[in-house]
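Source file: input32.pdb (PDB, C-alpha atoms)
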ATOM      1  CA  MET A  27       0.000   0.000   0.000
ATOM      2  CA  LEU A  28       2.838   2.368   0.783
ATOM      3  CA  LEU A  29       4.334   1.657  -2.608
ATOM      4  CA  ILE A  30       1.049   2.498  -4.356
ATOM      5  CA  SER A  31       0.748   5.767  -2.397
ATOM      6  CA  ALA A  32       4.330   6.699  -3.271
ATOM      7  CA  SER A  33       3.677   5.851  -6.927
ATOM      8  CA  LEU A  34       0.493   7.953  -6.953
ATOM      9  CA  LEU A  35       2.363  10.784  -5.251
ATOM     10  CA  CYS A  36       5.113  10.574  -7.894
ATOM     11  CA  LEU A  37       2.511  10.580 -10.675
ATOM     12  CA  ALA A  38       0.791  13.596  -9.113
ATOM     13  CA  LEU A  39       4.176  15.311  -8.767
ATOM     14  CA  ILE A  40       4.988  14.590 -12.420
ATOM     15  CA  TYR A  41       1.555  15.879 -13.487
ATOM     16  CA  TYR A  42       1.908  19.104 -11.485
ATOM     17  CA  LEU A  43       5.481  19.597 -12.692
ATOM     18  CA  TYR A  44       4.150  19.226 -16.239
ATOM     19  CA  LYS A  45       1.440  21.829 -15.533
ATOM     20  CA  ILE A  46       4.007  24.174 -13.948
ATOM     21  CA  THR A  47       6.330  23.724 -16.938
ATOM     22  CA  LYS A  48       3.422  24.355 -19.311
ATOM     23  CA  SER A  49       2.517  27.519 -17.354
ATOM     24  CA  PHE A  50       6.130  28.716 -17.543
ATOM     25  CA  GLU A  51       6.112  28.070 -21.305
ATOM     26  CA  GLU A  52       2.918  30.117 -21.648
ATOM     27  CA  ILE A  53       4.447  32.908 -19.557
ATOM     28  CA  LYS A  54       7.601  32.735 -21.689
ATOM     29  CA  ASN A  55       5.535  32.950 -24.895
ATOM     30  CA  ASN A  56       3.483  35.841 -23.486
ATOM     31  CA  VAL A  57       6.642  37.711 -22.481
ATOM     32  CA  LYS A  58       8.167  37.049 -25.912
ATOM     33  CA  GLU A  59       4.984  38.320 -27.593
ATOM     34  CA  LEU A  60       4.890  41.344 -25.306
ATOM     35  CA  ALA A  61       8.544  42.078 -26.081
ATOM     36  CA  SER A  62       7.896  41.868 -29.821
ATOM     37  CA  ASP A  63       4.876  44.175 -29.406
ATOM     38  CA  MET A  64       6.932  46.620 -27.324
ATOM     39  CA  LYS A  65       9.706  47.043 -29.916
ATOM     40  CA  PRO A  66       7.565  49.107 -32.345
ATOM     41  CA  LEU A  67       6.142  51.083 -29.437
ATOM     42  CA  ILE A  68       9.629  51.870 -28.158
ATOM     43  CA  ALA A  69      10.773  52.768 -31.685
ATOM     44  CA  SER A  70       7.814  55.090 -32.260
ATOM     45  CA  THR A  71       8.275  56.642 -28.814
ATOM     46  CA  THR A  72      11.941  57.263 -29.593
ATOM     47  CA  GLU A  73      11.014  58.786 -32.954
ATOM     48  CA  LEU A  74       8.367  60.957 -31.294
ATOM     49  CA  SER A  75      10.894  62.091 -28.704
ATOM     50  CA  GLU A  76      13.385  63.032 -31.426
ATOM     51  CA  LYS A  77      10.712  64.948 -33.359
ATOM     52  CA  LEU A  78       9.641  66.785 -30.222
ATOM     53  CA  SER A  79      13.265  67.625 -29.534
ATOM     54  CA  ASN A  80      13.642  69.010 -33.067
ATOM     55  CA  ILE A  81      10.425  71.019 -32.769
ATOM     56  CA  THR A  82      11.560  72.407 -29.427
ATOM     57  CA  SER A  83      14.936  73.315 -30.887
ATOM     58  CA  GLU A  84      13.297  75.053 -33.860
ATOM     59  CA  ALA A  85      10.907  76.894 -31.547
ATOM     60  CA  ARG A  86      13.841  78.083 -29.450
ATOM     61  CA  GLY A  87      15.543  79.311 -32.612
ATOM     62  CA  GLN A  88      12.418  81.176 -33.712
ATOM     63  CA  MET A  89      12.015  82.649 -30.227
ATOM     64  CA  GLN A  90      15.634  83.853 -30.330
ATOM     65  CA  ILE A  91      15.090  85.402 -33.765
ATOM     66  CA  THR A  92      11.928  87.111 -32.501
ATOM     67  CA  HIS A  93      13.751  88.336 -29.401
ATOM     68  CA  ASP A  94      16.574  89.704 -31.550
ATOM     69  CA  MET A  95      14.076  91.465 -33.836
ATOM     70  CA  VAL A  96      12.229  93.007 -30.885
ATOM     71  CA  THR A  97      15.530  94.128 -29.367
ATOM     72  CA  ASN A  98      16.593  95.611 -32.704
ATOM     73  CA  VAL A  99      13.270  97.460 -33.139
ATOM     74  CA  LYS A 100      13.462  98.735 -29.548
ATOM     75  CA  HIS A 101      17.007  99.979 -30.150
ATOM     76  CA  ARG A 102      15.952 101.749 -33.357
ATOM     77  CA  VAL A 103      12.916 103.327 -31.683
ATOM     78  CA  ASP A 104      15.157 104.537 -28.851
ATOM     79  CA  MET A 105      17.550 106.005 -31.416
ATOM     80  CA  ILE A 106      14.691 107.732 -33.268
ATOM     81  CA  LEU A 107      13.268 109.116 -30.027
ATOM     82  CA  GLY A 108      16.717 110.357 -29.004
ATOM     83  CA  PHE A 109      17.196 111.945 -32.419
ATOM     84  CA  GLU A 110      13.754 113.571 -32.173
ATOM     85  CA  GLU A 111      14.629 114.888 -28.707
ATOM     86  CA  ARG A 112      17.925 116.346 -29.967
ATOM     87  CA  ILE A 113      16.155 117.979 -32.923
ATOM     88  CA  ARG A 114      13.422 119.357 -30.671
ATOM     89  CA  ARG A 115      15.996 120.763 -28.236
ATOM     90  CA  GLY A 116      18.043 122.131 -31.138
ATOM     91  CA  ILE A 117      15.065 123.849 -32.763
ATOM     92  CA  GLU A 118      13.095 124.794 -29.677
ATOM     93  CA  GLU A 119      15.577 127.336 -28.287
ATOM     94  CA  PRO A 120      16.168 129.209 -31.569
ATOM     95  CA  VAL A 121      12.418 129.268 -32.313
ATOM     96  CA  LEU A 122      11.617 130.541 -28.814
ATOM     97  CA  SER A 123      14.362 133.136 -29.181
ATOM     98  CA  LEU A 124      12.928 134.190 -32.555
ATOM     99  CA  VAL A 125       9.410 134.405 -31.084
ATOM    100  CA  ARG A 126      10.701 136.472 -28.153
ATOM    101  CA  ASN A 127      12.563 138.788 -30.539
ATOM    102  CA  PHE A 128       9.531 139.100 -32.791
ATOM    103  CA  SER A 129       7.335 139.791 -29.742
ATOM    104  CA  ALA A 130       9.806 142.437 -28.584
ATOM    105  CA  ILE A 131       9.775 144.018 -32.053
ATOM    106  CA  VAL A 132       5.943 144.024 -32.065
ATOM    107  CA  ASN A 133       5.905 145.573 -28.572
ATOM    108  CA  GLY A 134       8.469 148.136 -29.687
ATOM    109  CA  VAL A 135       6.447 149.025 -32.808
ATOM    110  CA  ASN A 136       3.245 149.264 -30.694
ATOM    111  CA  ALA A 137       5.003 151.511 -28.187
ATOM    112  CA  PHE A 138       6.343 153.645 -31.041
ATOM    113  CA  TRP A 139       2.873 154.022 -32.611
ATOM    114  CA  ASN A 140       1.249 154.729 -29.272
ATOM    115  CA  SER A 141       3.885 157.361 -28.547
ATOM    116  CA  TYR A 142       3.636 158.747 -32.081
ATOM    117  CA  LYS A 143      -0.176 159.022 -31.812
ATOM    118  CA  LYS A 144       0.051 160.926 -28.539
ATOM    119  CA  HIS A 145       2.365 163.572 -29.994
TER
END

If you took the structure in this file and wrote it as structure tokens, what would it be?
Amino acid sequence: MLLISASLLCLALIYYLYKITKSFEEIKNNVKELASDMKPLIASTTELSEKLSNITSEARGQMQITHDMVTNVKHRVDMILGFEERIRRGIEEPVLSLVRNFSAIVNGVNAFWNSYKKH
């Protein structure tokens, strides 16, 4: 009886080892299939990452160009405003002096006529 129990136990052990081996084979096949499915995903993710990197690099370049253009325009506007200020200061004093002189001449002529009319 002990020999029959040992034999049945060995048969059960062989059966369960077979099932375990079969399960490991299925797991191995699933992992192999998953790995083959992951390769295109990894490749497309890498390609996407490279494209995003290129887009980011191009955007940075465009931003730098825009920044340079804005800086250049700002510099030119500052130069124009400075030039306008120098012209205004250069013209303002002579014009005011001319207006004052003209006003003095008008006042002088008015005083002369007023004095001339009284006499």

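Taking atom CA of Asn80 of chain A and atom CA of Val99 of chain A as endpoints, the distance between them is 28.5 Å.
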
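In this model, the gap between atom CA of Ile131 of chain A and atom CA of Arg115 of chain A comes to 24.4 Å.
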
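Our summary of the geometry notes that atom CA of Glu73 of chain A is positioned 27.6 Å from atom CA of Asn55 of chain A.
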
Taking the partial coordinates given, rebuild segment 70-96 of chain A to contain N, CA and C atoms; return it as a tab-separated table (two decimals), in the frame of the given file.
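Written file, result_1.tsv:
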chain	number	residue	atom	x	y	z
A	70	SER	N	8.63	53.91	-31.96
A	70	SER	CA	7.81	55.09	-32.26
A	70	SER	C	7.93	56.14	-31.16
A	71	THR	N	8.08	55.69	-29.91
A	71	THR	CA	8.28	56.64	-28.81
A	71	THR	C	9.61	57.37	-28.96
A	72	THR	N	10.63	56.64	-29.36
A	72	THR	CA	11.94	57.26	-29.59
A	72	THR	C	11.86	58.27	-30.74
A	73	GLU	N	11.18	57.88	-31.81
A	73	GLU	CA	11.01	58.79	-32.95
A	73	GLU	C	10.22	60.03	-32.55
A	74	LEU	N	9.16	59.83	-31.78
A	74	LEU	CA	8.37	60.96	-31.29
A	74	LEU	C	9.21	61.88	-30.43
A	75	SER	N	10.02	61.29	-29.57
A	75	SER	CA	10.89	62.09	-28.70
A	75	SER	C	11.88	62.91	-29.53
A	76	GLU	N	12.45	62.30	-30.56
A	76	GLU	CA	13.38	63.03	-31.43
A	76	GLU	C	12.68	64.17	-32.16
A	77	LYS	N	11.46	63.90	-32.65
A	77	LYS	CA	10.71	64.95	-33.36
A	77	LYS	C	10.36	66.09	-32.41
A	78	LEU	N	9.94	65.74	-31.20
A	78	LEU	CA	9.64	66.78	-30.22
A	78	LEU	C	10.88	67.60	-29.89
A	79	SER	N	12.01	66.92	-29.80
A	79	SER	CA	13.26	67.62	-29.53
A	79	SER	C	13.59	68.59	-30.68
A	80	ASN	N	13.40	68.14	-31.91
A	80	ASN	CA	13.64	69.01	-33.07
A	80	ASN	C	12.69	70.20	-33.08
A	81	ILE	N	11.41	69.93	-32.80
A	81	ILE	CA	10.42	71.02	-32.77
A	81	ILE	C	10.78	72.03	-31.69
A	82	THR	N	11.17	71.52	-30.52
A	82	THR	CA	11.56	72.41	-29.43
A	82	THR	C	12.78	73.24	-29.81
A	83	SER	N	13.73	72.60	-30.46
A	83	SER	CA	14.94	73.32	-30.89
A	83	SER	C	14.58	74.40	-31.91
A	84	GLU	N	13.72	74.06	-32.87
A	84	GLU	CA	13.30	75.05	-33.86
A	84	GLU	C	12.52	76.19	-33.21
A	85	ALA	N	11.67	75.85	-32.25
A	85	ALA	CA	10.91	76.89	-31.55
A	85	ALA	C	11.84	77.82	-30.79
A	86	ARG	N	12.86	77.24	-30.16
A	86	ARG	CA	13.84	78.08	-29.45
A	86	ARG	C	14.55	79.01	-30.43
A	87	GLY	N	14.90	78.48	-31.60
A	87	GLY	CA	15.54	79.31	-32.61
A	87	GLY	C	14.64	80.45	-33.06
A	88	GLN	N	13.37	80.14	-33.31
A	88	GLN	CA	12.42	81.18	-33.71
A	88	GLN	C	12.22	82.20	-32.60
A	89	MET	N	12.16	81.73	-31.36
A	89	MET	CA	12.02	82.65	-30.23
A	89	MET	C	13.23	83.58	-30.14
A	90	GLN	N	14.42	83.04	-30.38
A	90	GLN	CA	15.63	83.85	-30.33
A	90	GLN	C	15.62	84.89	-31.45
A	91	ILE	N	15.18	84.46	-32.65
A	91	ILE	CA	15.09	85.40	-33.76
A	91	ILE	C	14.09	86.51	-33.44
A	92	THR	N	12.94	86.12	-32.88
A	92	THR	CA	11.93	87.11	-32.50
A	92	THR	C	12.47	88.06	-31.44
A	93	HIS	N	13.16	87.50	-30.46
A	93	HIS	CA	13.75	88.34	-29.40
A	93	HIS	C	14.75	89.32	-30.00
A	94	ASP	N	15.59	88.83	-30.91
A	94	ASP	CA	16.57	89.70	-31.55
A	94	ASP	C	15.88	90.81	-32.35
A	95	MET	N	14.80	90.46	-33.06
A	95	MET	CA	14.08	91.46	-33.84
A	95	MET	C	13.45	92.51	-32.92
A	96	VAL	N	12.85	92.06	-31.82
A	96	VAL	CA	12.23	93.01	-30.88
A	96	VAL	C	13.29	93.91	-30.29
